[in-house]
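Engineer: The structure file entry-v8.tsv (TSV, C-alpha atoms and all ligand atoms) is provided below.
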chain	number	residue	atom	x	y	z
J	33	MET	CA	125.28	111.60	187.42
J	34	LYS	CA	126.14	114.63	185.33
J	35	THR	CA	129.34	113.07	184.04
J	36	GLN	CA	127.53	109.88	183.19
J	37	ILE	CA	125.09	111.78	181.02
J	38	GLY	CA	128.03	113.60	179.50
J	39	ILE	CA	129.70	110.31	178.63
J	40	ILE	CA	126.54	108.90	177.13
J	41	ALA	CA	126.03	112.05	175.05
J	42	GLY	CA	129.65	111.87	173.92
J	43	THR	CA	129.27	108.25	172.90
J	44	LEU	CA	126.14	109.01	170.92
J	45	ALA	CA	127.91	111.85	169.14
J	46	MET	CA	130.76	109.52	168.22
J	47	LEU	CA	128.34	106.91	166.96
J	48	ALA	CA	126.59	109.54	164.86
J	49	LEU	CA	129.94	110.65	163.43
J	50	ALA	CA	130.98	107.10	162.73
J	51	SER	CA	127.83	106.42	160.74
J	52	CYS	CA	128.35	109.61	158.72
J	53	ASN	CA	131.84	108.55	157.75
J	54	GLU	CA	130.73	105.15	156.63
J	55	GLU	CA	132.82	103.12	154.24
J	56	PRO	CA	132.41	103.47	150.46
J	57	GLU	CA	128.78	103.62	149.48
J	58	VAL	CA	127.35	100.14	149.30
J	59	PRO	CA	124.07	100.20	147.43
J	60	PRO	CA	121.64	98.87	150.03
J	61	LEU	CA	119.51	97.02	147.52
J	62	GLY	CA	122.16	95.90	145.06
J	63	THR	CA	122.79	97.52	141.70
J	64	ALA	CA	120.19	99.87	140.20
J	65	GLN	CA	119.16	96.99	137.97
J	66	GLN	CA	118.62	94.65	140.92
J	67	MET	CA	116.81	97.25	142.95
J	68	MET	CA	114.50	97.98	140.01
J	69	ALA	CA	113.75	94.35	139.25
J	70	GLN	CA	113.38	93.11	142.82
J	71	GLU	CA	111.89	96.10	144.63
J	72	MET	CA	110.69	98.93	142.42
J	73	GLN	CA	108.76	96.96	139.83
J	74	PRO	CA	106.95	94.58	142.24
J	75	THR	CA	106.09	97.48	144.55
J	76	ALA	CA	104.75	99.61	141.71
J	77	GLU	CA	102.72	96.65	140.49
J	78	ILE	CA	100.97	96.36	143.84
J	79	TYR	CA	99.87	99.95	143.38
J	80	TRP	CA	98.99	99.73	139.69
J	81	GLU	CA	97.11	96.47	139.94
J	82	SER	CA	95.07	97.49	142.97
J	83	VAL	CA	92.43	99.25	140.90
J	84	GLY	CA	91.35	98.66	137.35
J	85	ALA	CA	88.65	97.83	134.91
J	86	ALA	CA	88.30	95.41	132.05
J	87	SER	CA	85.66	94.13	129.76
J	88	GLU	CA	85.67	90.51	128.77
J	89	LEU	CA	83.46	88.47	126.55
J	90	ILE	CA	81.43	85.98	128.53
J	91	ASP	CA	79.15	83.80	126.36
J	92	GLY	CA	79.62	86.34	123.59
J	93	GLU	CA	78.43	89.20	125.80
J	94	PRO	CA	80.82	91.94	126.84
J	95	VAL	CA	80.95	92.07	130.62
J	96	PHE	CA	82.47	95.09	132.29
J	97	ARG	CA	84.30	94.46	135.50
J	98	GLU	CA	85.92	96.93	137.87
J	99	TRP	CA	88.01	96.14	140.89
J	100	ALA	CA	89.43	98.03	143.86
J	101	PRO	CA	90.58	97.17	147.37
J	102	GLU	CA	87.67	95.89	149.41
J	103	ASN	CA	88.62	96.50	153.00
J	104	ASP	CA	90.91	98.56	155.21
J	105	ALA	CA	93.67	95.96	155.16
J	106	GLU	CA	93.73	95.90	151.36
J	107	TRP	CA	93.80	99.70	151.18
J	108	GLU	CA	96.61	99.72	153.73
J	109	ALA	CA	98.67	97.42	151.50
J	110	VAL	CA	98.20	99.90	148.66
J	111	ARG	CA	99.22	102.80	150.90
J	112	ALA	CA	102.28	100.89	152.10
J	113	ALA	CA	103.35	100.25	148.50
J	114	ALA	CA	103.02	103.98	147.80
J	115	GLU	CA	105.16	104.76	150.85
J	116	ARG	CA	107.77	102.24	149.75
J	117	ILE	CA	108.02	103.87	146.31
J	118	GLY	CA	108.94	107.11	148.09
J	119	GLU	CA	111.56	105.33	150.20
J	120	LEU	CA	113.07	103.84	147.06
J	121	GLY	CA	113.07	107.32	145.51
J	122	GLU	CA	114.99	108.62	148.54
J	123	MET	CA	117.40	105.73	148.20
J	124	LEU	CA	117.99	106.53	144.51
J	125	LYS	CA	119.14	110.00	145.62
J	126	THR	CA	121.90	108.62	147.84
J	127	PRO	CA	125.42	108.50	146.37
J	128	ALA	CA	125.24	104.70	146.19
J	129	TYR	CA	122.80	105.10	143.29
J	130	ALA	CA	123.22	108.74	142.21
J	131	GLU	CA	127.02	108.81	141.87
J	132	GLY	CA	128.02	109.77	138.36
J	133	ARG	CA	124.46	110.60	137.29
J	134	GLY	CA	123.23	114.06	136.34
J	135	ASP	CA	120.94	116.53	138.08
J	136	ASP	CA	118.02	115.05	136.23
J	137	TRP	CA	118.60	111.78	138.13
J	138	MET	CA	117.96	113.64	141.36
J	139	ALA	CA	114.89	115.29	139.87
J	140	TYR	CA	113.36	111.97	138.74
J	141	SER	CA	114.14	110.36	142.09
J	142	GLN	CA	112.56	113.29	143.89
J	143	GLY	CA	109.64	112.90	141.51
J	144	LEU	CA	109.03	109.45	143.02
J	145	VAL	CA	109.18	110.94	146.51
J	146	ASP	CA	106.64	113.61	145.60
J	147	VAL	CA	104.26	111.28	143.84
J	148	SER	CA	104.54	108.83	146.73
J	149	ALA	CA	102.89	111.37	149.02
J	150	GLN	CA	100.00	111.86	146.58
J	151	ALA	CA	99.74	108.13	146.09
J	152	GLN	CA	99.45	107.56	149.81
J	153	GLU	CA	96.79	110.25	150.13
J	154	ALA	CA	94.72	108.56	147.44
J	155	ALA	CA	94.94	105.23	149.28
J	156	ILE	CA	94.16	106.78	152.65
J	157	ALA	CA	91.10	108.42	151.07
J	158	GLN	CA	90.22	104.97	149.66
J	159	ASP	CA	89.53	106.66	146.35
J	160	PRO	CA	89.93	104.24	143.42
J	161	ASP	CA	89.81	106.98	140.78
J	162	ALA	CA	92.56	108.92	142.53
J	163	VAL	CA	94.69	105.77	142.88
J	164	PHE	CA	94.23	105.10	139.17
J	165	GLU	CA	95.19	108.65	138.26
J	166	VAL	CA	98.22	108.89	140.54
J	167	GLY	CA	99.24	105.48	139.19
J	168	GLY	CA	99.54	107.15	135.79
J	169	THR	CA	101.74	109.86	137.26
J	170	ILE	CA	103.98	107.24	138.88
J	171	TYR	CA	104.29	105.55	135.53
J	172	SER	CA	105.34	108.75	133.81
J	173	VAL	CA	108.09	109.35	136.40
J	174	CYS	CA	109.44	105.82	135.85
J	175	SER	CA	109.43	106.27	132.06
J	176	ALA	CA	111.00	109.72	132.15
J	177	CYS	CA	114.01	108.35	134.02
J	178	HIS	CA	114.26	105.29	131.81
J	179	ARG	CA	114.31	107.45	128.71
J	180	MET	CA	117.34	109.33	130.04
J	181	TYR	CA	118.98	106.28	131.60
J	182	PRO	CA	118.00	103.37	129.42
J	183	PRO	CA	118.50	99.93	130.90
J	184	ALA	CA	121.65	98.22	129.74
J	185	GLU	CA	119.85	95.19	128.43
J	186	LEU	CA	116.40	95.09	127.00
J	187	PRO	CA	114.72	91.97	125.73
J	188	GLU	CA	114.95	91.80	121.94
J	189	GLY	CA	112.42	94.02	120.21
J	190	ALA	CA	111.43	95.77	123.44
J	191	SER	CA	111.53	99.52	123.82
J	192	VAL	CA	112.21	101.47	126.97
J	193	ASP	CA	108.49	102.05	127.31
J	194	ASP	CA	107.87	98.32	127.57
J	195	ILE	CA	109.81	97.99	130.80
J	196	GLN	CA	106.68	97.97	132.87
J	197	GLN	CA	104.53	95.05	131.94
J	198	MET	CA	101.49	96.74	133.30
J	199	ARG	CA	100.37	100.33	133.21
J	200	PRO	CA	97.25	101.98	134.40
J	201	GLY	CA	94.72	102.12	131.62
J	202	ASP	CA	96.05	99.15	129.68
J	203	GLU	CA	92.99	97.06	130.32
J	204	LEU	CA	90.68	99.91	129.60
J	205	THR	CA	91.93	100.37	126.08
J	206	ALA	CA	93.44	97.05	125.03
J	207	PRO	CA	90.46	94.75	124.55
J	208	ASP	CA	88.62	97.04	122.18
J	209	ALA	CA	88.02	94.66	119.30
J	210	SER	CA	85.70	96.94	117.36
J	211	GLU	CA	88.52	98.78	115.55
C	301	LIG	C1	115.96	107.91	138.84
C	301	LIG	C2	115.85	107.04	137.73
C	301	LIG	C3	114.85	105.91	137.74
C	301	LIG	C4	113.54	105.94	138.16
C	301	LIG	C5	112.77	107.11	138.73
C	301	LIG	C6	113.03	104.62	137.89
C	301	LIG	N1	113.97	103.81	137.35
C	301	LIG	FE1	113.74	101.89	136.76
C	301	LIG	N2	115.63	101.86	136.04
C	301	LIG	C7	116.54	102.87	136.17
C	301	LIG	C8	117.79	102.46	135.59
C	301	LIG	C9	119.06	103.29	135.53
C	301	LIG	C10	117.60	101.16	135.10
C	301	LIG	C11	118.60	100.30	134.35
C	301	LIG	C12	119.50	99.51	135.26
C	301	LIG	C13	120.53	98.78	134.42
C	301	LIG	O1	120.15	98.07	133.48
C	301	LIG	O2	121.70	98.97	134.71
C	301	LIG	C14	116.22	100.82	135.40
C	301	LIG	C15	115.65	99.60	135.08
C	301	LIG	C16	114.38	99.21	135.43
C	301	LIG	C17	113.82	97.92	135.16
C	301	LIG	C18	114.51	96.76	134.44
C	301	LIG	C19	115.21	95.89	135.47
C	301	LIG	C20	115.86	94.68	134.82
C	301	LIG	O3	115.47	93.57	135.17
C	301	LIG	O4	116.76	94.87	134.01
C	301	LIG	C21	112.55	97.91	135.68
C	301	LIG	C22	111.55	96.76	135.65
C	301	LIG	C23	112.32	99.22	136.26
C	301	LIG	N3	113.46	99.98	136.09
C	301	LIG	C24	111.14	99.59	136.87
C	301	LIG	C25	110.91	100.88	137.37
C	301	LIG	C26	109.63	101.33	137.86
C	301	LIG	C27	108.39	100.49	137.94
C	301	LIG	C28	109.81	102.64	138.22
C	301	LIG	C29	108.80	103.59	138.79
C	301	LIG	C30	107.97	103.18	139.89
C	301	LIG	C31	111.19	102.99	137.95
C	301	LIG	N4	111.83	101.89	137.42
C	301	LIG	C32	111.72	104.24	138.18
C	301	LIG	C33	116.32	104.11	136.73
C	301	LIG	C34	115.11	104.57	137.23
Would you encode the structure as structure tokens?
Ligand code: HEC
Structural biologist:
Amino acid sequence: MKTQIGIIAGTLAMLALASCNEEPEVPPLGTAQQMMAQEMQPTAEIYWESVGAASELIDGEPVFREWAPENDAEWEAVRAAAERIGELGEMLKTPAYAEGRGDDWMAYSQGLVDVSAQAQEAAIAQDPDAVFEVGGTIYSVCSACHRMYPPAELPEGASVDDIQQMRPGDELTAPDASE
């Protein structure tokens, strides 16, 4: 019995070693560009779009509308998006994505990990104002990294700050027609 346990433990140790020595780093979610477009942006949008406010003109009258998750399942989806942002931040710190980048790359990636924790707390507390506020912090981490590592291709006329189509607060300020 003892030897059997010994063999099993030995096998596990070898497996652990093998996974440490893995082949050249293969980015798990494709290039940084692919990961951003297919994972980071849609995930961040779930968070950003979960709460908001807008005024629209209905029959010439301004109508103010606010929205937020309405039940536990909807809040859980927001929390899960926040958690995923942290996982993506961790992934950005791995050599597959961090190779050849500076220390600031690590700092921005860690910034996503840190803000992910706050973002989850806000969703767990089911606090729309906190989600809105942390959403702004998430946005500033995204932009800080993009300013240092600008995307290779931007649509014509777009600036780095336009990468996110949607940011917290857009709807609050945009439709002000009085100015
Ligand atoms: C650690 C740095 C870093 C952080 C943090 C970061 N990004 Fe990026 N992002 C990049 C880089 C680098 C590119 C450019 C990839 C390329 O073009 O090669 C990029 C590109 C993008 C693009 C353009 C993808 C395309 O289709 O070309 C989007 C959208 C994007 N990021 C969204 C986000 C969002 C949303 C966040 C925050 C939740 C974020 N990024 C956080 C590094 C980062």
Engineer: Could you jot down the atom CA of Met138 of chain J to atom CA of Ser175 of chain J separation for me, Å, one decimal place?
Structural biologist: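 Computing the Euclidean distance for atom CA of Met138 of chain J and atom CA of Ser175 of chain J yields 14.6 Å.
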Engineer: Kindly provide, as a list of chain:residue names, all nucleotide and amino acid residues lying within 6 Å of ligand LIG 301 (chain C), counting only C-alpha atoms and all ligand atoms.
Structural biologist: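 What falls inside 6 Å of ligand LIG 301 (chain C) is J:Ala64, J:Gln65, J:Met68, J:Ala69, J:Met72, J:Gln73, J:Ala76, J:Trp137, J:Tyr140, J:Ser141, J:Ile170, J:Tyr171, J:Val173, J:Cys174, J:Cys177, J:His178, J:Tyr181, J:Pro182, J:Pro183, J:Ala184, J:Glu185, J:Ile195, J:Gln196.
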Engineer: Export, as a compact mmCIF listing (two decimals), keeping the file's coordinate frame, the selected residues with C-alpha atoms.
Structural biologist:
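Saved file again-v8.txt follows:
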# COMPACT_ATOMS: atom_id res chain seq x y z
CA ALA J 64 120.19 99.87 140.20
CA GLN J 65 119.16 96.99 137.97
CA MET J 68 114.50 97.98 140.01
CA ALA J 69 113.75 94.35 139.25
CA MET J 72 110.69 98.93 142.42
CA GLN J 73 108.76 96.96 139.83
CA ALA J 76 104.75 99.61 141.71
CA TRP J 137 118.60 111.78 138.13
CA TYR J 140 113.36 111.97 138.74
CA SER J 141 114.14 110.36 142.09
CA ILE J 170 103.98 107.24 138.88
CA TYR J 171 104.29 105.55 135.53
CA VAL J 173 108.09 109.35 136.40
CA CYS J 174 109.44 105.82 135.85
CA CYS J 177 114.01 108.35 134.02
CA HIS J 178 114.26 105.29 131.81
CA TYR J 181 118.98 106.28 131.60
CA PRO J 182 118.00 103.37 129.42
CA PRO J 183 118.50 99.93 130.90
CA ALA J 184 121.65 98.22 129.74
CA GLU J 185 119.85 95.19 128.43
CA ILE J 195 109.81 97.99 130.80
CA GLN J 196 106.68 97.97 132.87
Engineer: Could you work out how far atom CA of Glu77 of chain J lies from atom CA of Met123 of chain J, giving the answer in Å with one decimal?
Structural biologist: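 That distance, rounded to one decimal, is 18.9 Å.
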Engineer: So what do you get for atom CA of Val163 of chain J versus atom CA of Ile117 of chain J, distance-wise?
Structural biologist: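 That distance, rounded to one decimal, is 13.9 Å.
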